[in-house]
>>> print(open('my_file.txt').read())   # compact mmCIF, C-alpha atoms
# COMPACT_ATOMS: atom_id res chain seq x y z
CA MET A 23 -52.62 16.00 -5.07
CA ALA A 24 -48.94 16.67 -4.26
CA ASN A 25 -46.67 13.75 -3.47
CA LYS A 26 -45.94 13.27 0.22
CA SER A 27 -42.57 14.65 1.31
CA PRO A 28 -40.09 11.96 2.36
CA GLY A 29 -39.19 11.50 6.00
CA THR A 30 -35.76 12.28 7.38
CA LEU A 31 -33.01 9.75 8.02
CA TYR A 32 -31.21 10.63 11.25
CA ILE A 33 -27.73 9.18 11.82
CA VAL A 34 -27.47 9.15 15.61
CA GLY A 35 -24.34 8.66 17.68
CA LEU A 36 -24.75 6.59 20.85
CA PRO A 37 -22.50 6.45 23.94
CA ILE A 38 -19.49 4.14 23.68
CA GLY A 39 -19.90 3.09 27.30
CA ASN A 40 -21.44 5.49 29.79
CA PRO A 41 -25.18 5.93 29.00
CA ALA A 42 -25.09 9.48 30.39
CA ASP A 43 -23.09 10.57 27.32
CA LEU A 44 -26.21 10.42 25.14
CA THR A 45 -27.03 13.94 23.94
CA PHE A 46 -30.27 15.80 24.67
CA ARG A 47 -30.85 16.12 20.93
CA ALA A 48 -30.58 12.36 20.45
CA VAL A 49 -33.14 11.80 23.21
CA ASP A 50 -35.54 14.17 21.47
CA ILE A 51 -35.06 12.33 18.16
CA PHE A 52 -35.81 8.94 19.73
CA LYS A 53 -39.01 10.30 21.25
CA ASN A 54 -40.29 11.62 17.92
CA VAL A 55 -39.14 9.34 15.08
CA ASP A 56 -41.37 6.64 13.63
CA ILE A 57 -38.68 3.96 13.37
CA VAL A 58 -35.32 3.23 14.99
CA ALA A 59 -33.08 0.97 12.89
CA CYS A 60 -30.79 -0.76 15.38
CA GLU A 61 -27.73 -2.95 15.05
CA ASP A 62 -29.18 -4.87 18.03
CA THR A 63 -32.71 -4.01 19.15
CA ARG A 64 -32.17 -5.54 22.60
CA GLU A 65 -29.07 -3.45 23.24
CA PHE A 66 -30.91 -0.29 22.21
CA LYS A 67 -33.92 -1.05 24.40
CA GLN A 68 -31.56 -1.52 27.36
CA LEU A 69 -30.10 1.94 26.73
CA LEU A 70 -33.59 3.47 26.62
CA ALA A 71 -34.51 1.71 29.85
CA ALA A 72 -31.30 2.83 31.59
CA LEU A 73 -32.08 6.45 30.74
CA LYS A 74 -35.85 6.12 31.27
CA ILE A 75 -36.59 7.25 27.71
CA GLU A 76 -40.09 6.45 26.48
CA THR A 77 -40.81 6.19 22.76
CA ASN A 78 -43.48 4.81 20.47
CA ALA A 79 -40.95 4.26 17.68
CA ARG A 80 -40.92 0.89 15.97
CA MET A 81 -37.64 -1.00 16.43
CA LEU A 82 -36.19 -2.73 13.36
CA ALA A 83 -32.93 -4.67 13.03
CA TYR A 84 -30.30 -3.22 10.70
CA HIS A 85 -26.90 -4.92 10.90
CA GLU A 86 -24.09 -6.23 8.70
CA HIS A 87 -25.88 -9.51 8.02
CA ASN A 88 -29.15 -8.00 6.76
CA GLU A 89 -28.36 -4.46 5.60
CA THR A 90 -28.39 -5.38 1.90
CA GLN A 91 -32.01 -6.53 2.26
CA SER A 92 -33.07 -4.04 4.96
CA ALA A 93 -31.82 -0.83 3.35
CA PRO A 94 -34.34 -0.83 0.43
CA GLU A 95 -37.20 -1.60 2.85
CA LEU A 96 -36.21 1.31 5.08
CA ILE A 97 -36.04 3.62 2.07
CA LYS A 98 -39.65 2.71 1.28
CA PHE A 99 -40.67 3.85 4.77
CA LEU A 100 -38.74 7.11 4.30
CA LEU A 101 -40.35 7.79 0.92
CA ALA A 102 -43.72 7.20 2.56
CA GLY A 103 -42.98 10.04 4.95
CA LYS A 104 -41.74 8.06 7.95
CA SER A 105 -38.74 9.34 9.90
CA ILE A 106 -35.97 6.89 10.84
CA ALA A 107 -33.10 7.04 13.34
CA LEU A 108 -30.16 4.77 12.51
CA VAL A 109 -28.02 3.63 15.46
CA SER A 110 -25.14 1.23 16.09
CA ASP A 111 -24.62 -0.77 19.27
CA ALA A 112 -22.26 1.98 20.41
CA GLY A 113 -20.64 5.01 18.84
CA THR A 114 -21.56 6.46 15.47
CA PRO A 115 -22.97 4.45 12.54
CA GLY A 116 -20.87 4.17 9.40
CA ILE A 117 -17.53 4.05 11.23
CA SER A 118 -16.68 0.32 11.12
CA ASP A 119 -20.42 -0.24 11.61
CA PRO A 120 -23.31 -0.69 9.13
CA GLY A 121 -24.80 2.42 7.52
CA HIS A 122 -23.34 2.98 4.08
CA ASN A 123 -25.99 0.97 2.21
CA ILE A 124 -28.96 2.95 3.47
CA LEU A 125 -27.07 6.24 3.15
CA LYS A 126 -26.25 5.58 -0.50
CA LEU A 127 -29.89 4.78 -1.26
CA ALA A 128 -31.11 7.78 0.73
CA TYR A 129 -28.98 10.22 -1.23
CA GLU A 130 -29.99 8.62 -4.52
CA ALA A 131 -33.66 9.00 -3.55
CA ASP A 132 -33.24 12.62 -2.36
CA VAL A 133 -34.21 11.64 1.18
CA PRO A 134 -33.09 14.24 3.76
CA VAL A 135 -30.17 13.00 5.88
CA THR A 136 -29.22 14.61 9.18
CA VAL A 137 -26.50 13.70 11.66
CA ILE A 138 -27.00 13.81 15.41
CA PRO A 139 -23.36 13.91 16.54
CA GLY A 140 -22.29 11.61 19.32
CA ALA A 141 -19.43 9.55 20.64
CA SER A 142 -16.85 7.67 18.58
CA SER A 143 -14.14 5.46 20.02
CA VAL A 144 -11.79 6.69 17.28
CA THR A 145 -11.99 10.40 18.07
CA SER A 146 -12.31 9.75 21.81
CA SER A 147 -9.07 7.75 21.79
CA LEU A 148 -7.25 10.31 19.65
CA SER A 149 -8.30 13.05 22.05
CA VAL A 150 -6.52 11.37 24.99
CA SER A 151 -3.54 9.96 23.07
CA PRO A 152 -0.14 11.64 23.41
CA VAL A 153 0.89 10.29 20.00
CA GLY A 154 1.12 13.62 18.22
CA GLY A 155 0.50 14.88 14.72
CA LYS A 156 -2.05 16.67 12.58
CA THR A 157 -3.04 13.77 10.32
CA PHE A 158 -4.25 10.23 10.90
CA VAL A 159 -5.55 7.25 8.95
CA PHE A 160 -8.17 4.92 10.40
CA LEU A 161 -7.98 1.28 9.29
CA GLY A 162 -10.86 -0.31 11.20
CA PHE A 163 -10.00 -3.90 12.19
CA LEU A 164 -6.84 -5.26 10.60
CA PRO A 165 -7.45 -8.25 8.31
CA SER A 166 -6.77 -11.63 9.90
CA LYS A 167 -4.65 -12.62 6.89
CA ASN A 168 -1.34 -10.75 6.48
CA PRO A 169 -2.18 -7.87 8.87
CA ILE A 170 1.39 -6.57 8.87
CA LYS A 171 1.51 -6.46 5.08
CA PHE A 172 -1.72 -4.46 5.29
CA LEU A 173 -0.13 -2.07 7.81
CA SER A 174 2.95 -1.78 5.61
CA ASP A 175 0.81 -0.30 2.85
CA TYR A 176 0.29 2.74 5.10
CA VAL A 177 3.94 3.43 5.82
CA GLY A 178 4.39 7.22 5.76
CA ALA A 179 0.68 7.77 5.07
CA ALA A 180 -0.05 9.96 8.11
CA ASP A 181 1.29 11.12 11.46
CA ARG A 182 -0.83 8.53 13.28
CA ILE A 183 -2.24 5.15 12.30
CA VAL A 184 -5.39 4.13 14.16
CA PHE A 185 -7.00 0.71 14.15
CA PHE A 186 -9.11 -1.66 16.25
CA GLU A 187 -7.92 -4.99 17.59
CA ALA A 188 -9.70 -7.80 19.42
CA PRO A 189 -8.41 -9.06 22.80
CA HIS A 190 -7.65 -12.56 21.46
CA ARG A 191 -5.45 -11.13 18.68
CA ILE A 192 -3.76 -8.23 20.44
CA LEU A 193 -0.59 -10.10 21.52
CA GLU A 194 0.07 -11.59 18.10
CA THR A 195 -0.47 -8.21 16.44
CA LEU A 196 1.85 -6.36 18.84
CA LYS A 197 4.58 -9.00 18.44
CA SER A 198 4.36 -8.68 14.66
CA ILE A 199 4.56 -4.88 14.86
CA LEU A 200 7.63 -5.16 17.14
CA GLU A 201 9.34 -7.56 14.75
CA THR A 202 8.52 -5.52 11.65
CA PHE A 203 8.61 -1.87 12.72
CA GLY A 204 10.66 -1.93 15.90
CA ASP A 205 9.90 -0.97 19.50
CA VAL A 206 7.87 2.15 18.74
CA GLN A 207 6.11 4.14 21.44
CA PHE A 208 2.35 4.06 20.94
CA SER A 209 -0.90 4.31 22.85
CA PHE A 210 -3.75 1.89 23.35
CA HIS A 211 -7.21 2.59 24.70
CA ARG A 212 -10.02 0.29 25.79
CA GLU A 213 -13.31 0.44 27.69
CA LEU A 214 -13.38 4.25 27.39
CA THR A 215 -16.04 5.97 29.56
CA LYS A 216 -16.63 2.67 31.41
CA HIS A 217 -15.67 1.74 34.98
CA PHE A 218 -12.44 -0.03 33.97
CA GLU A 219 -11.38 2.31 31.18
CA GLU A 220 -7.68 2.21 30.36
CA SER A 221 -5.35 4.39 28.31
CA LYS A 222 -1.66 3.58 28.10
CA PHE A 223 1.33 5.25 26.41
CA LEU A 224 4.31 2.91 26.23
CA LYS A 225 6.66 0.93 24.01
CA ILE A 226 5.43 -2.13 22.13
CA SER A 227 7.69 -4.43 24.19
CA ASP A 228 6.33 -3.08 27.48
CA ALA A 229 2.74 -3.52 26.27
CA ILE A 230 3.49 -7.14 25.34
CA SER A 231 4.91 -7.79 28.81
CA GLN A 232 1.88 -6.29 30.52
CA ILE A 233 -0.72 -8.03 28.38
CA GLN A 234 1.02 -11.41 28.64
CA LYS A 235 0.45 -11.30 32.40
CA ASN A 236 -3.23 -10.47 32.07
CA VAL A 237 -5.10 -10.18 28.76
CA PRO A 238 -7.69 -7.43 29.32
CA LYS A 239 -11.27 -7.66 28.12
CA GLY A 240 -12.72 -5.29 25.55
CA GLU A 241 -11.61 -4.20 22.11
CA PHE A 242 -8.46 -2.12 21.78
CA VAL A 243 -8.02 1.12 19.90
CA ILE A 244 -4.36 1.21 18.82
CA ILE A 245 -2.66 4.48 17.88
CA LEU A 246 0.75 4.12 16.28
CA PRO A 247 3.10 6.95 15.29
CA ARG A 248 4.06 7.41 11.63
CA LEU A 249 5.55 4.15 10.42
CA ASP A 250 8.70 4.07 8.32
CA HIS A 251 10.16 1.28 6.23
CA PRO A 252 11.86 -1.09 8.67
CA GLY A 253 14.97 -3.15 8.13
CA LEU A 254 16.77 -2.22 4.96
CA SER A 255 17.27 1.52 4.53
CA LYS A 256 16.86 2.99 1.08
CA GLU A 257 20.62 3.54 0.87
CA LYS A 258 21.34 -0.14 1.60
CA LEU A 259 18.61 -1.16 -0.83
CA VAL A 260 20.20 0.90 -3.61
CA GLU A 261 23.60 -0.68 -2.86
CA LYS A 262 22.16 -4.20 -3.16
CA ILE A 263 20.33 -3.33 -6.37
CA HIS A 264 23.58 -2.00 -7.88
CA SER A 265 25.27 -5.30 -6.95
CA LEU A 266 22.49 -7.41 -8.47
CA LEU A 267 22.42 -5.36 -11.66
CA LYS A 268 26.12 -6.12 -12.12
CA GLN A 269 25.16 -9.80 -12.02
CA ASP A 270 22.89 -9.24 -15.06
CA MET A 271 19.75 -10.17 -13.14
CA LYS A 272 16.43 -9.22 -14.69
CA ASP A 273 14.72 -6.15 -13.27
CA SER A 274 11.64 -8.18 -12.37
CA ASP A 275 13.76 -10.77 -10.51
CA ILE A 276 15.60 -8.06 -8.59
CA ALA A 277 12.30 -6.41 -7.61
CA ALA A 278 10.86 -9.74 -6.45
CA GLN A 279 13.94 -10.65 -4.40
CA MET A 280 14.33 -7.25 -2.73
CA ALA A 281 10.62 -7.04 -1.92
CA LYS A 282 11.11 -10.21 0.15
CA GLU A 283 14.20 -8.82 1.90
CA SER A 284 12.74 -5.40 2.69
CA ASN A 285 9.44 -3.71 3.34
CA PHE A 286 9.54 -1.85 0.03
CA SER A 287 6.97 -2.91 -2.53
CA ARG A 288 7.93 -4.33 -5.94
CA LYS A 289 6.60 -1.15 -7.54
CA GLU A 290 8.82 1.05 -5.36
CA ILE A 291 11.87 -1.14 -6.01
CA TYR A 292 11.22 -1.24 -9.76
CA LYS A 293 11.15 2.57 -9.82
CA ILE A 294 14.48 2.69 -7.96
CA ILE A 295 15.95 0.29 -10.54
CA GLN A 296 14.79 2.52 -13.40
CA ASP A 297 16.19 5.60 -11.65
CA ILE A 298 19.56 3.86 -11.26
CA LYS A 299 19.62 2.84 -14.90
CA SER A 300 18.73 6.32 -16.15
CA SER A 301 21.35 8.09 -14.01
>>> encode(input="my_file.txt", output="structure tokens")
Amino acid sequence: MANKSPGTLYIVGLPIGNPADLTFRAVDIFKNVDIVACEDTREFKQLLAALKIETNARMLAYHEHNETQSAPELIKFLLAGKSIALVSDAGTPGISDPGHNILKLAYEADVPVTVIPGASSVTSSLSVSPVGGKTFVFLGFLPSKNPIKFLSDYVGAADRIVFFEAPHRILETLKSILETFGDVQFSFHRELTKHFEESKFLKISDAISQIQKNVPKGEFVIILPRLDHPGLSKEKLVEKIHSLLKQDMKDSDIAAQMAKESNFSRKEIYKIIQDIKSS
């Protein structure tokens, strides 16, 4: 007797706000799969109720706190021939949301994987942002510890830098960007497709002034233009390195000192030192 063919894992994009943005294809999937793995089963059931979608699918929780344990269990269902739809609370799974664990196991087990395209706050925000360019890097949420150092690692990396920020941290983050990278013109987006959606294109200082008066609710999508090294220009950096070399300072000490005084990394500064010495 031949082994049963595995079921299909469907990665399904959900609306980021307006329920009417759910695609016809996604509706059909929900009506026919055996299991829906949800980041929050209650949230998903509310979406089904709002759109009057009826399904006999079993709802199982799959989120960041249980995905390590849940992913192998879901793979067992797939290998037994059950079909599963994976959804986040909003947007598309795997983009700052759980999904990678089960996907890795699915590919390793030769389980069919299909995407049902849907909304994403990242691409939606980019589509209405006047910050131009062909390339972008997406950083998810900035780390709470040394977020500006983290941003600095992406100086010159792409035409646009995109990241999420929480309402309670937005002012501190914007002030740090202003202090480190200057008063750049950027865009922010929040509550897209909802009643109070907002997209703004302005300077960092103006955004700080506006938000200080009234901190909006909802997560922010921030889109910055290409960031350059602030403060010390490379020319000034080279001048200071020349001066320190004349004082017989060690290369490592020079690199450490100048890394503190500029936004160049020790590795970049050390290379400049070697270039100076070899010229």
>>> residues_around(input="my_file.txt", residues="Arg47 in chain A", least_positions_apart="4", cutoff="10 Å", atoms="only C-alpha atoms", output="short mmCIF file (atom, residue, chain, number, x, y, z; two decimals) with C-alpha atoms, in the frame of the given file")
data_model
loop_
_atom_site.label_atom_id
_atom_site.label_comp_id
_atom_site.auth_asym_id
_atom_site.auth_seq_id
_atom_site.Cartn_x
_atom_site.Cartn_y
_atom_site.Cartn_z
CA VAL A 34 -27.47 9.15 15.61
CA ILE A 51 -35.06 12.33 18.16
CA PHE A 52 -35.81 8.94 19.73
CA ILE A 138 -27.00 13.81 15.41
CA PRO A 139 -23.36 13.91 16.54
CA GLY A 140 -22.29 11.61 19.32
#
>>> closest_residue(input="my_file.txt", among="A:Ile244, A:Ile233, A:Leu31, A:Ala72", to="Ile183 in chain A", atoms="only C-alpha atoms")
A:Ile244
>>> closest_residue(input="my_file.txt", among="A:Lys262, A:Arg212, A:Arg288, A:His122", to="Gly39 in chain A", atoms="all atoms listed in the file")
A:Arg212
>>> residues_around(input="my_file.txt", residues="Lys74 in chain A", least_positions_apart="2", cutoff="12 Å", atoms="only C-alpha atoms", output="VMD selection string")
chain A and resid 41 to 42 49 52 to 53 67 to 72 76 to 77
>>> atom_distance(input="my_file.txt", atom1="CA of Asn168 in chain A", atom2="CA of Ala188 in chain A")
15.7 Å
>>> atom_distance(input="my_file.txt", atom1="CA of Leu246 in chain A", atom2="CA of Arg182 in chain A")
5.6 Å
